[in-house]
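Beneath this line is the structure, given in structure tokens, with notes to follow.
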Amino acid sequence: MKKMKTTSKLLFITVLAGLMLFNNSCQKDLLEQDPTVDLFADAFWKTEDDATFALMGAYGDIRYLFDRDYFFDGNGEYFKARGQTLSKTVLRNGMAYSTPYSWSPTGYGSQHDIYFKSMYLGVIRANYVIENVEKMLPDAKASSIANLEAIIGEARLLRGMIYFRLISMWGDVPYIDFVPTNREEAAGFSRMPLAQVKDKIMADFTYAFEKVSTTNKVGRAAKPAALGLRGKLQLYWACWNKFGWPELDTFSPDAAAADAAYKAAAEDFKKVINDYGLTLFRNGEPGNIDELGKAAILPNYYYLFTPVANGSKEMIMTFNHGLTGTFQGEELMRDFAGRTLEFSQAWVTPRFEVADRYQSIITGDFADPLIPMDPTRNSNARTAPNSAVNPQSYANRDYRMKSTILWDYEMTMGIFQKKETGWSPWIYRVYNTPVTINGEVYRSYNTDGSNSGYVFRKFVRNTAGHDRSNGNFAWPVMRLADVYLMYAEASNEAYGPQADAVEVVNKVRHRGNLPPLAAAKISSKANFFDAIEQERIVELIGEGHRNFDLRRWRAIERVWGLPGGSGKRHYDTYGIPNDLYYQNANELTYQRAYIYKIPGDEINRNPNMTQNTPWQ
């Protein structure tokens, strides 16, 4: 069967460079797999250990495409990514996430050219493993066949993940399922229609599900990951067919296809939930919580995003990170924390609006909206009811709030040179200053990175021992709480509110110490969808889902207002206006948020490459 040749000249140059680099860069991987032979020797690709070593090299490289997905939340309404953010994430020979200013709620559709190219580096690295391990099968011992097929399955799952991301952003994309060896093999071919690429991704996820291990291993994909990703692909396919994708002029939505895909997604998610013994971290219990202004005792949700959760049965698919000296550390401290913690940079911060999403543990519903007040102008601001700078306004809220953000007078542990430096209170606009609280003197949290009044606690380590760029938290690509919520969404769309779907949403709520959903919240498909979206906002903030949710639901206008409208301005806890988005924006601005621009140099170099309609 003739292999497809559907990548442009520039992509050919990109992927060949990546392949050559791959051959020179398989360092000792995170799972301590050692090569049995030199990678350049003719004897390589002879043993299971060789195949495993190459797969681990692919994992190590491909993780760079996904392990800083939190920046995508900057394209939504609750997460601020500031300034020259993230231009340091490297996919060996290129920048996976690059181009500053690409993470605000508008204008991001033209900012991911390098990410597009980096995706194809990942594709080729997966294909390299697939092709070579497939060549091993005819001569392999019978006892090795299952393991070699499992290795192929993991590589195909990685390839499927990459293509899933590509079509989610660009729609129709070039599809390449082989390793080009010369220019003629890879020159001048066109984009493959979305539906065809989707089918190929489905085939990869299905093969992976059939072949990979049943049991999760930290940093490697098992059956729950393959099944969960297949369900997620079907959920997105259902959304595109239900809500339409008019910016992709080769795609026609189909209501029947949407209904079938919702049902298929629900079935896959249900199996993930029921068949593999998966559980929420610490059984989904909220844990204990310290009083306002203290942080010696934090809820379980906080610890879910620290290394103690590595290997948790909640983590369905993760990418590993190494410790100091491995060149494989994560950047969570640097990006989420401020200077008080290892001189971090707070590239990302919560927006003021997210605070109102955290519900009352007493009523199980939204509290009265917080009122911005400037304490330098209003002497009662620190004590006024519902004031955003009154710490008491945050009492009796969803435990995930204290686990996720710091508001005025909340404490965090300072860290410098890998040692604890004592408790530090966050006080907006009072940076690195001695302050007295209850008779004790502290030095306030030092960062001017926030323009909202909040900084993150989520993803910020509260223990010493590593610097800002050398954490070893395994980044969650997919976790059980997300599957619970996707199952609820898919089954609700297919059948309306179902008892088991309500049950799993309530399990997610329980970790925040919230009561079960009230009857009114599950009285209709629309009401239950609202409850599911609410949980996705607070449960998954900073994990890279919100932008993709808004786009697949075609909800950008719902959030920011219709074209030609007044848009939406963000404020801080003092009431000072900050960013304004979508004011008087024309329809084209919205269209360009729903589908990304094919890199211009791809169009210039390949006459068969077409541009998405809003970018023509």
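Simple scheme: letters A, B, ... for chains in structure tokens order, numbers from 1 for residues in each chain, numbers from 1 for ligands in the order shown.
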>> I'd like the neighbourhood of Glu48 of chain A as an MDAnalysis selection string, where a residue qualifies if any of its atoms comes within 8 Å (using only C-alpha atoms), though same-chain residues fewer than 4 positions away should be ignored.
In response: chainID A and resid 52 144 147:148
Only N, CA, C and O atoms, please: the residues just picked out, written as a JSON list (two decimals), in the first residue's frame.
[["chain", "number", "residue", "atom", "x", "y", "z"],
["A", 52, "THR", "N", 12.42, -0.05, 23.30],
["A", 52, "THR", "CA", 11.95, 0.71, 24.46],
["A", 52, "THR", "C", 12.75, 2.00, 24.63],
["A", 52, "THR", "O", 12.19, 3.06, 24.92],
["A", 144, "SER", "N", 8.35, -11.86, 22.26],
["A", 144, "SER", "CA", 8.60, -10.42, 22.19],
["A", 144, "SER", "C", 7.51, -9.66, 21.44],
["A", 144, "SER", "O", 7.45, -8.43, 21.51],
["A", 147, "ASN", "N", 5.12, -7.21, 23.42],
["A", 147, "ASN", "CA", 5.77, -6.01, 23.92],
["A", 147, "ASN", "C", 6.12, -5.06, 22.79],
["A", 147, "ASN", "O", 5.95, -3.83, 22.92],
["A", 148, "LEU", "N", 6.58, -5.59, 21.67],
["A", 148, "LEU", "CA", 6.90, -4.73, 20.53],
["A", 148, "LEU", "C", 5.64, -4.05, 20.00],
["A", 148, "LEU", "O", 5.66, -2.86, 19.64]]
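For segment 316-326 of chain A, the list of residues within 7 Å, based on only C-alpha atoms and with local chain neighbours fewer than 2 positions off taken out, reads A:Leu30, A:Arg63, A:Asp67, A:Val218, A:Gly219, A:Arg220, A:Ala221, A:Pro224, A:Ala225, A:Glu314, A:Gln328, A:Gly329, A:Glu330, A:His466, A:Asn470, A:Gly471, A:Asn472, A:Phe473, A:Ala474, A:Trp475, A:Pro476, A:Val477, A:Met478, A:Arg479, A:Leu480.
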>> Env of segment 125-142 of chain A: 6 Å cut, atoms = only C-alpha atoms, seq-sep filter 5 positions within chain, self excluded. Answer as JSON, numbers by chain.
In response: {"A": [58, 152, 155, 159, 178]}
Kindly export the residues of the current selection with N, CA and C atoms, as a short mmCIF file (atom, residue, chain, number, x, y, z; two decimals), in the first residue's frame.
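What ended up in result29.cif:
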data_model
loop_
_atom_site.label_atom_id
_atom_site.label_comp_id
_atom_site.auth_asym_id
_atom_site.auth_seq_id
_atom_site.Cartn_x
_atom_site.Cartn_y
_atom_site.Cartn_z
N ALA A 58 11.34 9.29 22.29
CA ALA A 58 10.19 9.98 21.70
C ALA A 58 9.33 10.63 22.78
N ILE A 152 4.76 -0.03 19.69
CA ILE A 152 4.16 0.63 18.53
C ILE A 152 2.88 1.35 18.96
N ALA A 155 3.69 4.62 20.65
CA ALA A 155 4.15 5.60 19.66
C ALA A 155 2.97 6.12 18.82
N ARG A 159 1.56 9.93 18.43
CA ARG A 159 1.27 10.55 17.13
C ARG A 159 -0.18 11.03 17.07
N PHE A 178 4.87 8.45 7.80
CA PHE A 178 6.11 7.76 7.48
C PHE A 178 7.26 8.72 7.75
#
> Do you know which residues are at most 7 Å from segment 358-366 of chain A counting only C-alpha atoms, after dropping those on the same chain fewer than 3 positions away, and could you put them as a ChimeraX atom specification?
Replying inline: /A:355,396-398,401,513-515,538
May I have the selected residues written with N, CA, C and O atoms, as a CSV table (one decimal), in the first residue's frame?
chain,number,residue,atom,x,y,z
A,355,ALA,N,-12.3,34.5,40.9
A,355,ALA,CA,-12.7,34.3,42.3
A,355,ALA,C,-14.2,34.1,42.5
A,355,ALA,O,-14.6,33.3,43.4
A,396,ASN,N,-15.5,30.1,53.9
A,396,ASN,CA,-16.5,29.1,53.5
A,396,ASN,C,-16.7,28.9,52.0
A,396,ASN,O,-17.8,28.7,51.6
A,397,ARG,N,-15.5,29.0,51.3
A,397,ARG,CA,-15.6,28.8,49.9
A,397,ARG,C,-15.1,27.4,49.5
A,397,ARG,O,-14.4,26.7,50.3
A,398,ASP,N,-15.4,27.0,48.3
A,398,ASP,CA,-14.8,25.8,47.7
A,398,ASP,C,-13.4,25.6,48.1
A,398,ASP,O,-12.6,26.5,47.9
A,401,MET,N,-10.4,26.8,46.1
A,401,MET,CA,-10.0,28.2,46.0
A,401,MET,C,-8.7,28.4,46.8
A,401,MET,O,-7.8,29.0,46.3
A,513,ASN,N,-15.2,20.2,48.9
A,513,ASN,CA,-16.1,20.2,50.1
A,513,ASN,C,-17.4,20.9,49.8
A,513,ASN,O,-18.0,21.5,50.7
A,514,LEU,N,-17.9,20.8,48.6
A,514,LEU,CA,-19.2,21.3,48.2
A,514,LEU,C,-20.2,20.3,48.3
A,514,LEU,O,-20.0,19.1,48.1
A,515,PRO,N,-21.5,20.7,48.6
A,515,PRO,CA,-22.6,19.7,48.6
A,515,PRO,C,-22.9,19.3,47.2
A,515,PRO,O,-22.5,19.9,46.3
A,538,VAL,N,-13.3,25.6,37.5
A,538,VAL,CA,-12.6,25.7,38.7
A,538,VAL,C,-11.7,24.5,38.9
A,538,VAL,O,-10.6,24.5,39.5
> So, counting only C-alpha atoms, which residue among A:Ile595, A:Ile576, A:Ala490, A:Ala203 is closest to Asn547 of chain A?
Replying inline: A:Ile595
>> What's around segment 170-174 of chain A at 7 Å? Count only C-alpha atoms, leave out sequence neighbours fewer than 3 positions away in its own chain, and write the answer as a ChimeraX atom specification.
In response: /A:6-7,166-167,190-194,248,595-598
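The residue that comes closest to Gly153 of chain A, out of A:Val272, A:Val212, A:Ser168, A:Val197 and on the basis of only C-alpha atoms, is A:Val212.
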>> For the strand (DSSP E or B) assignment from backbone DSSP, which residues of segment 251-320 of chain A qualify? Please present them as a PyMOL selection string.
In response: chain A and resi 315-319
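Picture a line from atom CA of Leu229 of chain A to atom CA of Leu121 of chain A; it runs 20.9 Å.
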>> Would you pick out the contacts of Thr340 of chain A at 6 Å or less, using only C-alpha atoms, so that residues sharing its chain but fewer than 6 positions from it are not included, and give the list as a ChimeraX atom specification?
In response: /A:414,445-446
> Leaving out Tyr454 of chain A and any residue of its chain fewer than 3 positions from it, which residues lie within 12 Å of it when counting only C-alpha atoms, given as a PyMOL selection string?
Replying inline: chain A and resi 78-80+336-338+346+348-355+388-389+401-402+404-410+425-429+445+447-451+457-458+571-574
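The interatomic distance for the pair atom CA of Ala264 of chain A and atom CA of Gln234 of chain A works out to 6.8 Å.
Using only C-alpha atoms, the nearest neighbour of Leu280 of chain A within the list A:Asp579, A:Asp549, A:Glu489, A:Asp482 is A:Asp482.
Atom pair atom CA of Leu235 of chain A / atom CA of Ala531 of chain A: separated by 17.7 Å.
Counting only C-alpha atoms, the residue from A:Met486, A:Val179, A:Ile62, A:Ala81 that sits nearest to Gly160 of chain A is A:Ile62.
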> Among segment 153-186 of chain A, which ones does DSSP place in helix (DSSP H, G or I), written as JSON, numbers by chain?
Replying inline: {"A": [153, 154, 155, 156, 157, 158, 159, 160, 161, 162, 163, 164, 165, 166, 167, 168, 169, 170, 183, 184, 185, 186]}
> In terms of the shortest atom-to-atom distance over only C-alpha atoms, which of A:Cys239, A:Leu227, A:Ala309, A:Leu292 is closest to Arg551 of chain A?
Replying inline: A:Cys239
